[in-house]
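Read the structure below first, then the notes.
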2 protein chains.
Amino acid sequence: MVCAGLAKEQGFRVLALTIDYNQRHRIELDAARVIAERVGVERHVILPLDLRQFGGSALTADIDVPKDGVGDDIPVTYVPARNLVFLSLALAWAEAAGSKDLFIGVNALDYSGYPDCRPEFVQGFEGLARIATKIGSEGGTVTVHAPLQHLKKSRIAQEAARLGLDAGQSWSCYDPLTDGRACGVCDSCRLRRAGFEEAGLNDGTRYSD
Amino acid sequence: MVCAGLAKEQGFRVLALTIDYNQRHRIELDAARVIAERVGVERHVILPLDLRQFGGSALTADIDVPKDGVGDDIPVTYVPARNLVFLSLALAWAEAAGSKDLFIGVNALDYSGYPDCRPEFVQGFEGLARIATKIGSEGGTVTVHAPLQHLKKSRIAQEAARLGLDAGQSWSCYDPLTDGRACGVCDSCRLRRAGFEEAGLNDGTRYSD
């Protein structure tokens, strides 16, 4: 949400891509619809791509989402090569649409357990994007904007408020309850809550605990 | 087909991934099914991924497939970032399955008009795969095998015969007729025909011309 808001603020016309990868928290697709409408994107594609066929993650297989606090290792909520797949698809659409600018909302400061959220990955993708495409063959470059990469979660919360966005429209929880409440104790809930608390802002989320 | 056959010959257990990207020549999905069965893969996933949502190619939009001979430029049959998307998905499955070896049947010798068939792309992907994944974070490496990369089409035809594979089960044409015949004059048909002719082998294809 904040990443899209910043892209709009910078004057970009936004094409919004959401991947329905059959994730455990598919409820985030509803949030994406609301946000795309609110931010005012030119087109929003929700693309079905069933990564549950491959599994290998608590988000795409019958593996429990950890609830006992954020650790240092790569967690089981890591989805193999997910952000590489996401950026590749964003690049495919960008190139088809005549754009050379990608935006992704990765954040590596509060938590760098996911290899595909780190700056090295984002930079490496820019390099490969040049080699892989017609854009690069014609001498062009691809820029991957990751405006949240080095921001603390509390700062991201403040940016949402500054942009006039409603935090309650966004979704973070990996393991929502069937009644639509957030679990409150998965890594994603913990980081969200701590960030908004530090910023002194309300995150607009209904938690189950 | 030949790439999968060579992987099997080298002793690999093969997980076969076919992308149903809503391509003009979706008939190739039927060929993939037959080949996966014939080669003897452990599992074959045909993954729907509608790249027609993005368009931008004669294979994924209402753009005519060129029929007047192979040129030097990147043709309109180039699908933006397609092989990057394909390899990213193969990597996702490989990592989930505990494998570090990917195989892709790209060929850069007869025709290097597609940027995502060139050796630089394949090597660049190996590098990024290490950065993007848990495999790399744990000190592992990813190998992208492209055994057809430097082979002439005629040599690939010979390899098919040597491996006891039936060329007629494979599919090349970009623009098949509704009756299931190959057009015979798109770039892919031209390169196939010339390769088999040079090898003195029958390609088992019903052409419309």
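Residue numbers start at 1 in each chain; chains themselves are named A, B, ... in the order of the structure tokens; ligands are numbered from 1 in the order shown.
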May I ask you to extract the residues of chain A within 6 Å of chain B, using only C-alpha atoms, and to give them as a PyMOL selection string? chain A and resi 49+54+56+80-81+85+88+92-93+95-96+115-116+121+131-133
Excluding Ala146 (chain A) and its own-chain neighbours fewer than 6 positions away, which residues fall within 8 Å of it when counting only C-alpha atoms? Please give them as a count of residues only. 7
Superposition of chain A onto chain B by least squares over all sequentially paired C-alpha atoms; the transformed chain is requested as an mmCIF file with C-alpha atoms, in the first residue's frame.
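Contents of result-v1.cif, as written:
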data_model
loop_
_atom_site.group_PDB
_atom_site.id
_atom_site.type_symbol
_atom_site.label_atom_id
_atom_site.label_comp_id
_atom_site.auth_asym_id
_atom_site.auth_seq_id
_atom_site.Cartn_x
_atom_site.Cartn_y
_atom_site.Cartn_z
ATOM 1 C CA MET A 1 11.924 -33.363 -25.378
ATOM 2 C CA VAL A 2 15.638 -33.773 -26.075
ATOM 3 C CA CYS A 3 16.576 -31.716 -23.014
ATOM 4 C CA ALA A 4 14.465 -33.980 -20.775
ATOM 5 C CA GLY A 5 15.892 -37.071 -22.467
ATOM 6 C CA LEU A 6 19.444 -35.873 -21.831
ATOM 7 C CA ALA A 7 18.655 -35.121 -18.178
ATOM 8 C CA LYS A 8 17.342 -38.653 -17.748
ATOM 9 C CA GLU A 9 20.379 -40.077 -19.553
ATOM 10 C CA GLN A 10 22.621 -38.211 -17.102
ATOM 11 C CA GLY A 11 20.843 -39.994 -14.273
ATOM 12 C CA PHE A 12 18.655 -37.174 -12.980
ATOM 13 C CA ARG A 13 15.212 -37.794 -11.575
ATOM 14 C CA VAL A 14 13.138 -35.373 -13.633
ATOM 15 C CA LEU A 15 10.377 -33.078 -12.410
ATOM 16 C CA ALA A 16 8.847 -31.641 -15.576
ATOM 17 C CA LEU A 17 7.327 -28.171 -15.590
ATOM 18 C CA THR A 18 5.193 -26.932 -18.454
ATOM 19 C CA ILE A 19 3.697 -23.460 -18.370
ATOM 20 C CA ASP A 20 0.251 -22.987 -19.850
ATOM 21 C CA TYR A 21 0.780 -19.288 -20.525
ATOM 22 C CA ASN A 22 -2.248 -19.069 -22.782
ATOM 23 C CA GLN A 23 0.106 -19.212 -25.721
ATOM 24 C CA ARG A 24 -1.178 -19.163 -29.277
ATOM 25 C CA HIS A 25 0.236 -22.662 -29.770
ATOM 26 C CA ARG A 26 -1.366 -24.235 -26.699
ATOM 27 C CA ILE A 27 -1.309 -27.460 -28.689
ATOM 28 C CA GLU A 28 2.265 -27.798 -27.390
ATOM 29 C CA LEU A 29 0.784 -28.645 -23.970
ATOM 30 C CA ASP A 30 -0.537 -31.907 -25.432
ATOM 31 C CA ALA A 31 2.914 -32.678 -26.787
ATOM 32 C CA ALA A 32 4.414 -31.954 -23.367
ATOM 33 C CA ARG A 33 2.045 -34.482 -21.742
ATOM 34 C CA VAL A 34 2.998 -37.199 -24.210
ATOM 35 C CA ILE A 35 6.718 -36.462 -23.874
ATOM 36 C CA ALA A 36 6.665 -36.386 -20.060
ATOM 37 C CA GLU A 37 5.043 -39.828 -20.118
ATOM 38 C CA ARG A 38 7.480 -41.148 -22.730
ATOM 39 C CA VAL A 39 10.614 -39.797 -21.060
ATOM 40 C CA GLY A 40 9.469 -41.087 -17.696
ATOM 41 C CA VAL A 41 9.421 -38.102 -15.362
ATOM 42 C CA GLU A 42 8.646 -38.361 -11.650
ATOM 43 C CA ARG A 43 5.991 -35.677 -11.838
ATOM 44 C CA HIS A 44 4.689 -33.378 -14.546
ATOM 45 C CA VAL A 45 3.076 -30.092 -13.589
ATOM 46 C CA ILE A 46 1.265 -28.053 -16.213
ATOM 47 C CA LEU A 47 0.954 -24.713 -14.483
ATOM 48 C CA PRO A 48 -1.607 -22.156 -15.704
ATOM 49 C CA LEU A 49 -0.126 -18.647 -15.857
ATOM 50 C CA ASP A 50 -2.050 -16.330 -18.136
ATOM 51 C CA LEU A 51 0.597 -14.116 -19.742
ATOM 52 C CA ARG A 52 -2.093 -12.987 -22.200
ATOM 53 C CA GLN A 53 -3.100 -10.604 -19.396
ATOM 54 C CA PHE A 54 0.076 -8.708 -20.256
ATOM 55 C CA GLY A 55 0.204 -9.348 -24.025
ATOM 56 C CA GLY A 56 3.010 -7.678 -25.933
ATOM 57 C CA SER A 57 3.859 -10.664 -28.151
ATOM 58 C CA ALA A 58 2.514 -12.444 -31.224
ATOM 59 C CA LEU A 59 2.245 -15.531 -29.006
ATOM 60 C CA THR A 60 0.126 -13.827 -26.325
ATOM 61 C CA ALA A 61 -1.798 -11.080 -28.140
ATOM 62 C CA ASP A 62 -3.626 -10.452 -31.409
ATOM 63 C CA ILE A 63 -0.444 -9.792 -33.364
ATOM 64 C CA ASP A 64 0.295 -11.791 -36.527
ATOM 65 C CA VAL A 65 3.079 -14.375 -36.411
ATOM 66 C CA PRO A 66 5.651 -13.424 -39.096
ATOM 67 C CA LYS A 67 5.828 -15.899 -41.964
ATOM 68 C CA ASP A 68 8.410 -14.343 -44.273
ATOM 69 C CA GLY A 69 11.615 -15.866 -42.971
ATOM 70 C CA VAL A 70 13.994 -15.631 -40.044
ATOM 71 C CA GLY A 71 15.450 -12.157 -39.507
ATOM 72 C CA ASP A 72 18.207 -10.714 -37.350
ATOM 73 C CA ASP A 73 16.225 -8.609 -34.885
ATOM 74 C CA ILE A 74 14.250 -9.663 -31.851
ATOM 75 C CA PRO A 75 10.995 -10.876 -33.454
ATOM 76 C CA VAL A 76 7.450 -10.046 -32.305
ATOM 77 C CA THR A 77 7.171 -13.647 -31.142
ATOM 78 C CA TYR A 78 9.449 -12.655 -28.256
ATOM 79 C CA VAL A 79 7.359 -12.919 -25.071
ATOM 80 C CA PRO A 80 8.528 -10.288 -22.568
ATOM 81 C CA ALA A 81 10.738 -11.854 -19.887
ATOM 82 C CA ARG A 82 9.261 -15.273 -20.600
ATOM 83 C CA ASN A 83 12.273 -17.465 -19.935
ATOM 84 C CA LEU A 84 13.077 -15.464 -16.811
ATOM 85 C CA VAL A 85 9.564 -16.227 -15.572
ATOM 86 C CA PHE A 86 9.947 -19.891 -16.587
ATOM 87 C CA LEU A 87 13.319 -20.347 -14.879
ATOM 88 C CA SER A 88 12.098 -18.534 -11.762
ATOM 89 C CA LEU A 89 9.205 -20.954 -11.492
ATOM 90 C CA ALA A 90 11.480 -23.924 -12.134
ATOM 91 C CA LEU A 91 13.742 -22.626 -9.371
ATOM 92 C CA ALA A 92 10.760 -22.263 -7.030
ATOM 93 C CA TRP A 93 9.791 -25.888 -7.586
ATOM 94 C CA ALA A 94 13.383 -27.120 -7.437
ATOM 95 C CA GLU A 95 14.018 -25.407 -4.124
ATOM 96 C CA ALA A 96 10.743 -26.703 -2.670
ATOM 97 C CA ALA A 97 11.656 -30.219 -3.823
ATOM 98 C CA GLY A 98 15.244 -30.109 -2.539
ATOM 99 C CA SER A 99 16.912 -29.902 -5.954
ATOM 100 C CA LYS A 100 19.608 -27.501 -7.134
ATOM 101 C CA ASP A 101 19.644 -28.487 -10.811
ATOM 102 C CA LEU A 102 17.486 -26.866 -13.470
ATOM 103 C CA PHE A 103 17.318 -27.911 -17.111
ATOM 104 C CA ILE A 104 16.097 -25.654 -19.910
ATOM 105 C CA GLY A 105 16.020 -26.428 -23.628
ATOM 106 C CA VAL A 106 17.130 -23.041 -24.928
ATOM 107 C CA ASN A 107 19.216 -22.938 -28.077
ATOM 108 C CA ALA A 108 21.334 -19.948 -29.050
ATOM 109 C CA LEU A 109 23.317 -21.241 -32.007
ATOM 110 C CA ASP A 110 20.927 -21.398 -34.944
ATOM 111 C CA TYR A 111 19.127 -18.340 -33.737
ATOM 112 C CA SER A 112 19.995 -15.901 -30.999
ATOM 113 C CA GLY A 113 17.277 -13.326 -31.633
ATOM 114 C CA TYR A 114 15.727 -13.983 -28.225
ATOM 115 C CA PRO A 115 17.756 -12.340 -25.457
ATOM 116 C CA ASP A 116 16.527 -14.904 -22.943
ATOM 117 C CA CYS A 117 18.040 -17.803 -24.884
ATOM 118 C CA ARG A 118 21.615 -16.522 -24.742
ATOM 119 C CA PRO A 119 24.389 -17.985 -22.568
ATOM 120 C CA GLU A 120 24.765 -14.663 -20.693
ATOM 121 C CA PHE A 121 21.173 -14.953 -19.560
ATOM 122 C CA VAL A 122 21.532 -18.529 -18.379
ATOM 123 C CA GLN A 123 24.737 -17.713 -16.490
ATOM 124 C CA GLY A 124 23.248 -14.540 -15.052
ATOM 125 C CA PHE A 125 20.265 -16.506 -13.778
ATOM 126 C CA GLU A 126 22.530 -18.953 -11.961
ATOM 127 C CA GLY A 127 24.120 -16.035 -10.117
ATOM 128 C CA LEU A 128 20.831 -14.433 -9.144
ATOM 129 C CA ALA A 129 19.366 -17.788 -8.117
ATOM 130 C CA ARG A 130 22.072 -18.038 -5.462
ATOM 131 C CA ILE A 131 21.273 -14.578 -4.118
ATOM 132 C CA ALA A 132 17.493 -15.033 -4.232
ATOM 133 C CA THR A 133 17.112 -18.306 -2.377
ATOM 134 C CA LYS A 134 17.626 -20.207 0.822
ATOM 135 C CA ILE A 135 19.874 -22.537 -1.200
ATOM 136 C CA GLY A 136 22.339 -19.704 -1.736
ATOM 137 C CA SER A 137 22.031 -18.396 1.827
ATOM 138 C CA GLU A 138 23.144 -21.799 3.036
ATOM 139 C CA GLY A 139 26.192 -21.770 0.768
ATOM 140 C CA GLY A 140 24.717 -23.876 -2.023
ATOM 141 C CA THR A 141 24.765 -23.176 -5.737
ATOM 142 C CA VAL A 142 22.154 -23.568 -8.428
ATOM 143 C CA THR A 143 23.148 -25.044 -11.781
ATOM 144 C CA VAL A 144 21.167 -24.263 -14.899
ATOM 145 C CA HIS A 145 21.850 -26.986 -17.437
ATOM 146 C CA ALA A 146 21.205 -25.904 -21.008
ATOM 147 C CA PRO A 147 22.471 -28.925 -22.930
ATOM 148 C CA LEU A 148 21.057 -27.751 -26.272
ATOM 149 C CA GLN A 149 22.438 -24.247 -25.999
ATOM 150 C CA HIS A 150 25.342 -24.651 -28.404
ATOM 151 C CA LEU A 151 23.961 -27.454 -30.577
ATOM 152 C CA LYS A 152 22.834 -26.922 -34.155
ATOM 153 C CA LYS A 153 19.203 -27.866 -34.794
ATOM 154 C CA SER A 154 20.393 -30.771 -36.941
ATOM 155 C CA ARG A 155 22.432 -32.073 -34.050
ATOM 156 C CA ILE A 156 19.432 -31.800 -31.739
ATOM 157 C CA ALA A 157 17.444 -33.865 -34.259
ATOM 158 C CA GLN A 158 20.212 -36.489 -34.215
ATOM 159 C CA GLU A 159 20.203 -36.511 -30.424
ATOM 160 C CA ALA A 160 16.461 -37.208 -30.423
ATOM 161 C CA ALA A 161 17.061 -40.199 -32.694
ATOM 162 C CA ARG A 162 20.021 -41.401 -30.630
ATOM 163 C CA LEU A 163 17.897 -41.261 -27.459
ATOM 164 C CA GLY A 164 15.173 -43.285 -29.187
ATOM 165 C CA LEU A 165 12.692 -40.409 -29.002
ATOM 166 C CA ASP A 166 9.966 -39.828 -31.574
ATOM 167 C CA ALA A 167 10.394 -36.385 -33.128
ATOM 168 C CA GLY A 168 6.758 -36.491 -34.215
ATOM 169 C CA GLN A 169 5.712 -36.267 -30.573
ATOM 170 C CA SER A 170 7.352 -32.848 -30.209
ATOM 171 C CA TRP A 171 5.873 -29.550 -31.282
ATOM 172 C CA SER A 172 7.554 -26.415 -32.668
ATOM 173 C CA CYS A 173 5.028 -24.367 -34.691
ATOM 174 C CA TYR A 174 3.986 -20.984 -33.312
ATOM 175 C CA ASP A 175 0.832 -20.720 -35.381
ATOM 176 C CA PRO A 176 -0.850 -24.101 -35.838
ATOM 177 C CA LEU A 177 -3.944 -24.458 -37.986
ATOM 178 C CA THR A 178 -7.214 -25.357 -36.316
ATOM 179 C CA ASP A 179 -6.954 -28.871 -37.807
ATOM 180 C CA GLY A 180 -3.741 -29.518 -35.878
ATOM 181 C CA ARG A 181 -1.271 -29.094 -38.720
ATOM 182 C CA ALA A 182 1.856 -26.938 -38.373
ATOM 183 C CA CYS A 183 1.957 -23.788 -40.510
ATOM 184 C CA GLY A 184 5.339 -24.661 -41.989
ATOM 185 C CA VAL A 185 6.438 -21.065 -42.491
ATOM 186 C CA CYS A 186 6.823 -19.417 -39.092
ATOM 187 C CA ASP A 187 10.399 -19.054 -37.816
ATOM 188 C CA SER A 188 10.013 -22.054 -35.556
ATOM 189 C CA CYS A 189 8.770 -24.314 -38.407
ATOM 190 C CA ARG A 190 11.516 -23.068 -40.727
ATOM 191 C CA LEU A 191 14.269 -23.785 -38.216
ATOM 192 C CA ARG A 192 12.831 -27.213 -37.389
ATOM 193 C CA ARG A 193 12.462 -28.239 -41.018
ATOM 194 C CA ALA A 194 15.929 -27.037 -41.978
ATOM 195 C CA GLY A 195 17.475 -28.838 -39.012
ATOM 196 C CA PHE A 196 15.841 -32.180 -39.705
ATOM 197 C CA GLU A 197 16.549 -31.847 -43.429
ATOM 198 C CA GLU A 198 20.229 -31.189 -42.733
ATOM 199 C CA ALA A 199 20.298 -34.207 -40.424
ATOM 200 C CA GLY A 200 18.565 -36.353 -43.070
ATOM 201 C CA LEU A 201 15.828 -37.258 -40.600
ATOM 202 C CA ASN A 202 12.046 -37.140 -40.729
ATOM 203 C CA ASP A 203 10.544 -34.687 -38.238
ATOM 204 C CA GLY A 204 7.180 -36.430 -38.149
ATOM 205 C CA THR A 205 5.250 -33.193 -38.516
ATOM 206 C CA ARG A 206 2.132 -32.647 -40.631
ATOM 207 C CA TYR A 207 2.689 -29.315 -42.335
ATOM 208 C CA SER A 208 -0.048 -27.337 -44.087
ATOM 209 C CA ASP A 209 2.072 -26.289 -47.037
#
Check region 77-146 of chain A with DSSP on the backbone and list each residue it calls strand (DSSP E), as a PyMOL selection string. chain A and resi 101-103+143-145
Test item, alpha helix (DSSP H) assignment across region 20-202 of chain A, answer as a VMD selection string: chain A and resid 27 to 39 82 to 97 119 to 132 134 to 137 153 to 162 187 to 199
